[in-house]
Amino acid sequence: MRSRAFENAVLASPLVLFLLAILGFPALLSLVYAVSETTFRTLTAPRFVGGANFAAVWADGAFWRAAWFSLRFGAITAVLQCALGLFLAVYLYPLIRRHGWMVAVLIVPMIVAPAMMGLMYRLVLHEFVGPVPHYLYLWFGWSPAFLSPANVFATVVAAETLQWTPFAFLLFLAAYGAIPQDLREAAMVDGTRPWRLFWRIELPLMMPTVFVALFVRFIDGFRVFDNIYTLVGAGPGGATTSLSIYIFETFLRRAEIGKAMAAAVLLFLASTLLFVAARALVLRGREGRG
Amino acid sequence: MTRTRIMLAAAGAAALAAGAADAQVTVLGWPGGPEETALRAVAELYNARPEVAPENRVELLFTSRDGFFDKLQVDLAAGSTAFDVNLLATYSIGRYAPFMEPVTLSDEAEAVFGETVLSTMQFDGQQYGVPTDLSLHFLYYRRDLIDALLADEAVRARYGDIAEEHLGERLEPKAPEDWTWDDFVANALYFSRSVNPDSPTRYGTVIQAKNLLFNMMVFHSWPRSYGADWLDEEGRVVVDSEAWRGALERAKLLFDLGATPPDSTAYEYAEANAAFASGQVAAMVQWNAAATELTEAQPDTAITAPPAGPEGRFTHIHGLGLGLNAAAPNREGALAFLEWLSTEEAALAYARAGGAPGLAPETAAKIADERPDLVQVGEFASTYGFVMRGGTSAEALSVYEAQAQEFTGYWAGTQDLDTAIANAEAAMTRLLQ
């Protein structure tokens with residue numbers, strides 16, 4: 001027994017060492033800077049200031065506005081992506097069974113780097129050179145200002161949804177395909193209509209996947225950075241500042257390294273709490289069904 | 001087979017080693033645009049000089065403009081040896097100086113550039129760089145539209161009505177050379193369909209108002225003409241003043257009345273240029289670097305200095321240049337290149353290749369036929385150029401950032417003027433005092 005434990009430790013050690021080097025060192029450094037006063041000139045000699053950086057972050061209205069933006073953005077995009085992904089998976093399933101190559105086409109947006117997607121929308125939505133406003137103006141004599149303060153949130157939500165719906169779609173397609181066909185056949189023999197079949201049999205069987213998809217998409221939306229930053233930056237008055245953008249701007253633009261690291265630590269703690277809560281919910285759900 | 005592989009590997013290694021030996025002074029330049037083209041041209045010229053040893057030849061390094069100064073900040077602070085010479089800007093000298101070394105210029109430098117332009121690369125009385133490009137602002141306008149406006153008596157009354165309704169003062173159309181900022185606003189409103197449905201253009205102007213530090217520089221010429229500054233003579237932050245408030249409110253009027261595209265709160269240089277180039281904008285204040293692009297896109301485009309305010313006519317001015325990384329592996333080679341770069345030969349070659357050096361009148365006259373815009377740049381810089389008090393300090397970039405955050409928020413309607421001013425004042429006080 002002891003030798004097996006030793007073997008496990010030896011086998012796991014390369015991975016553990018790799019993670020310590022890649023994640024552990026930056027995490028430790030972030031913790032040191034979070035409790036220090038540091039500038040770019042004193043990176044190697046931080047001065048300990050205790051919880052002052054955390055207090056500064058806590059009192060910073062911009063941090064809470066960024067947190068609220070991330071929360072709203074993460075929740076709305078996760079729900080939209082999962083709803084759309086679920087609809088596409090179920091609706092297109094018979095077609096995809098016959099033409100598997102369609103999956104490759106449908107997941108193309110997911111392959112594009114988010115930063116490139118932001119740049120692409122910057123061009124596509126520009127009032128004077130973008131094709132979308134051009135044709136709207138040509139056909140209807142009017143075009144919404146997609147990136148105006150009134151519309152920018154809806155625009156970045158739509159951009160994120162269009163890019164990452166394929167991810168949810170893939171998960172749901174796999175889950176839908178895994179439902180035993182004889183269950184469906186038995187229900188049909190009993191005269192169950194398709195809509196009722198979906199709501200009462202298929203969807204309940206897919207619920208674990210729905211939870212996982214919602215959780216993964218929420219986390220991804222909550223920490224959004226690339227596509228928003230390349231599309232509209234921090235936004236007028238910080239209107240499109242997510243928590244990740246807040247940390248980036250505080251660190252590099254305002255050179256408040258300690259405060260940025262304190263915000264990063266708070267974000268990490270919040271994410272961990274969220275993960276633990278979600279895991280507990282999933283486990284409780286499984287036990288309930290069991 | 002094995003022998004062939006070894007020989008191929010040896011040949012590859014030799015080629016790489018030869019490449020490294022041929023290019024020993026690495027210069028990190030400003031990527032994209034005319035600055036890169038011009039730097040490539042002078043580097044080629046320098047490397048072809050017989051007295052330049054192979055180990056002192058220049059190799060250029062370009063990354064991307066996005067986050068360039070942030071990345072440079074981290075590289076310099078980390079003591080990077082990836083480059084010997086790096087880009088420097090007037091507004092970032094104070095931040096980078098601790099990681100750089102002063103340079104020695106050629107004897108011709110003062111005659112070539114003039115004292116004002118050389119001072120854009122100085123910090124604490126030391127010369128930290130060779131000026132390569134001078135940036136300031138022009139007022140670009142459509143001459144055909146203005147001529148038509150000035151020639152038509154019937155529309156002058158409409159122009160006056162619009163000015164009276166929105167500015168509280170009846171104004172007459174004028175030639176842009178004589179504009180005040182109120183004339184600029186009145187003209188922008190007249191040429192906006194949201195205010196004047198008969199306007200030939202969709203918008204009277206375009207204000208690049210993305211939350212970005214460079215956009216604050218474009219705006220600064222406006223409040224400065226009302227007497228605005230960052231600090232007073234005692235070093236106190238003076239952003240809560242009538243000068244700042246007046247300029248901010250007038251700009252806000254243009255956003256509220258639809259005289260600038262509604263999504264111009266997401267515009268930076270490229271988007272604003274695209275708007276003007278489309279022919280749907282009557283006039284705009286933009287960097288001098290846009291001159292070629294805008295005049296090529298709209299042949300009726302004319303250029304003059306930005307409008308005047310009660311305190312006169314002003315244009316923000318800053319220089320880009322090249323300086324010495326304190327951790328440079330080839331310090332001597334780098335210094336030799338920088339000294340040559342400050343000669344007339346290099347400055348004229350840089351200008352001919354598309355760069356925009358700030359040249360003294362006598363030097364600019366030598367290429368006036370090829371680059372007439374450089375004569376204008378030199379004239380505007382010496383007559384209207386200004387740098388805000390504190391504009392070269394170590395925290396200058398952060399001040400621009402803080403203002404961009406607050407002022408764009410006011411223009412976009414996410415906060416009121418008092419809040420924007422109070423937040424900007426608090427941030428500037430923390431940064432500058």
# chains A, B, ... in the order shown; residues from 1 in each chain; ligands from 1
$ interface_residues --of "chain A" --to "chain B" --cutoff "10 Å" --atoms "only C-alpha atoms" --output "ChimeraX atom specification"
/A:39-44,122-123,125-129,144-152,230-239,249-255
$ select_by_dssp --residues "range 229-342 of chain B" --states "strand (DSSP E or B)" --output "PyMOL selection string"
chain B and resi 231+237+281+283-287+301-304+308-309+312-313+315-316+318-325
$ residues_around --residues "range 27-38 of chain A" --least-positions-apart "6" --cutoff "9 Å" --atoms "only C-alpha atoms" --output "ChimeraX atom specification"
/A:44-54,255-265
$ residues_around --residues "range 94-103 of chain A" --least-positions-apart "6" --cutoff "12 Å" --atoms "only C-alpha atoms" --output "JSON, numbers by chain"
{"A": [88, 109, 110, 166, 167, 169, 170, 171, 173, 174, 176, 177]}
$ atom_distance --atom1 "CA of Thr90 in chain B" --atom2 "CA of Gly391 in chain B"
8.0 Å
$ closest_residue --among "B:Leu139, B:Ala349, B:Val281, B:Leu335" --to "Phe380 in chain B" --atoms "only C-alpha atoms"
B:Leu139
$ closest_atom_pairs --of "range 350-402 of chain B" --to "range 306-323 of chain B" --cutoff "7 Å" --atoms "only C-alpha atoms" --output "JSON lines"
{"residue": "B:Ala381", "atom": "CA", "partner": "B:Ile317", "partner_atom": "CA", "distance": 6.8}
{"residue": "B:Tyr384", "atom": "CA", "partner": "B:Phe314", "partner_atom": "CA", "distance": 4.5}
{"residue": "B:Gly385", "atom": "CA", "partner": "B:Thr315", "partner_atom": "CA", "distance": 5.0}
{"residue": "B:Phe386", "atom": "CA", "partner": "B:His316", "partner_atom": "CA", "distance": 5.4}
{"residue": "B:Val387", "atom": "CA", "partner": "B:His316", "partner_atom": "CA", "distance": 6.3}
$ select_by_dssp --residues "range 162-252 of chain B" --states "helix (DSSP H, G or I)" --output "VMD selection string"
chain B and resid 162 to 167 176 to 178 181 to 190 213 to 224 242 to 252
$ write_last_selection --atoms "C-alpha atoms" --output "short mmCIF file (atom, residue, chain, number, x, y, z; two decimals), in the first residue's frame"
data_model
loop_
_atom_site.label_atom_id
_atom_site.label_comp_id
_atom_site.auth_asym_id
_atom_site.auth_seq_id
_atom_site.Cartn_x
_atom_site.Cartn_y
_atom_site.Cartn_z
CA ILE B 162 -28.37 77.52 -35.52
CA ALA B 163 -25.54 79.32 -33.71
CA GLU B 164 -27.99 81.53 -31.85
CA GLU B 165 -30.20 78.62 -30.82
CA HIS B 166 -27.42 76.38 -29.51
CA LEU B 167 -24.60 78.76 -28.55
CA PRO B 176 -11.46 78.33 -40.94
CA GLU B 177 -8.18 80.25 -40.62
CA ASP B 178 -10.16 82.77 -38.53
CA TRP B 181 -13.82 77.23 -31.07
CA ASP B 182 -17.36 78.66 -31.08
CA ASP B 183 -17.12 78.99 -34.86
CA PHE B 184 -15.94 75.39 -34.97
CA VAL B 185 -18.99 74.28 -32.96
CA ALA B 186 -21.41 76.39 -35.04
CA ASN B 187 -19.93 74.98 -38.25
CA ALA B 188 -20.17 71.42 -36.88
CA LEU B 189 -23.83 71.93 -36.00
CA TYR B 190 -24.65 73.49 -39.35
CA LEU B 213 -4.88 58.63 -23.57
CA PHE B 214 -4.00 59.80 -27.11
CA ASN B 215 -7.51 61.12 -27.59
CA MET B 216 -7.03 63.43 -24.63
CA MET B 217 -4.01 64.93 -26.37
CA VAL B 218 -6.20 65.77 -29.37
CA PHE B 219 -8.74 67.40 -27.06
CA HIS B 220 -6.17 69.42 -25.09
CA SER B 221 -5.69 72.06 -27.79
CA TRP B 222 -9.27 73.12 -27.09
CA PRO B 223 -9.17 73.84 -23.30
CA ARG B 224 -5.65 75.24 -23.63
CA GLU B 242 -13.72 77.57 -16.18
CA ALA B 243 -11.25 76.85 -18.98
CA TRP B 244 -11.60 73.05 -18.65
CA ARG B 245 -15.32 73.19 -17.96
CA GLY B 246 -16.02 75.48 -20.94
CA ALA B 247 -14.19 73.25 -23.41
CA LEU B 248 -15.70 70.05 -22.01
CA GLU B 249 -19.22 71.49 -22.16
CA ARG B 250 -18.85 72.69 -25.74
CA ALA B 251 -17.57 69.28 -26.82
CA LYS B 252 -20.45 67.61 -24.96
#
$ closest_residue --among "B:Gly235, B:Gly33, B:Gly378, B:Gly204" --to "Phe255 in chain B" --atoms "only C-alpha atoms"
B:Gly204
$ atom_distance --atom1 "CA of Gly85 in chain A" --atom2 "CA of Phe222 in chain A"
18.8 Å
$ closest_residue --among "B:Ser64, B:Ser225, B:Asn325, B:Ser135" --to "Gly32 in chain B" --atoms "only C-alpha atoms"
B:Ser64
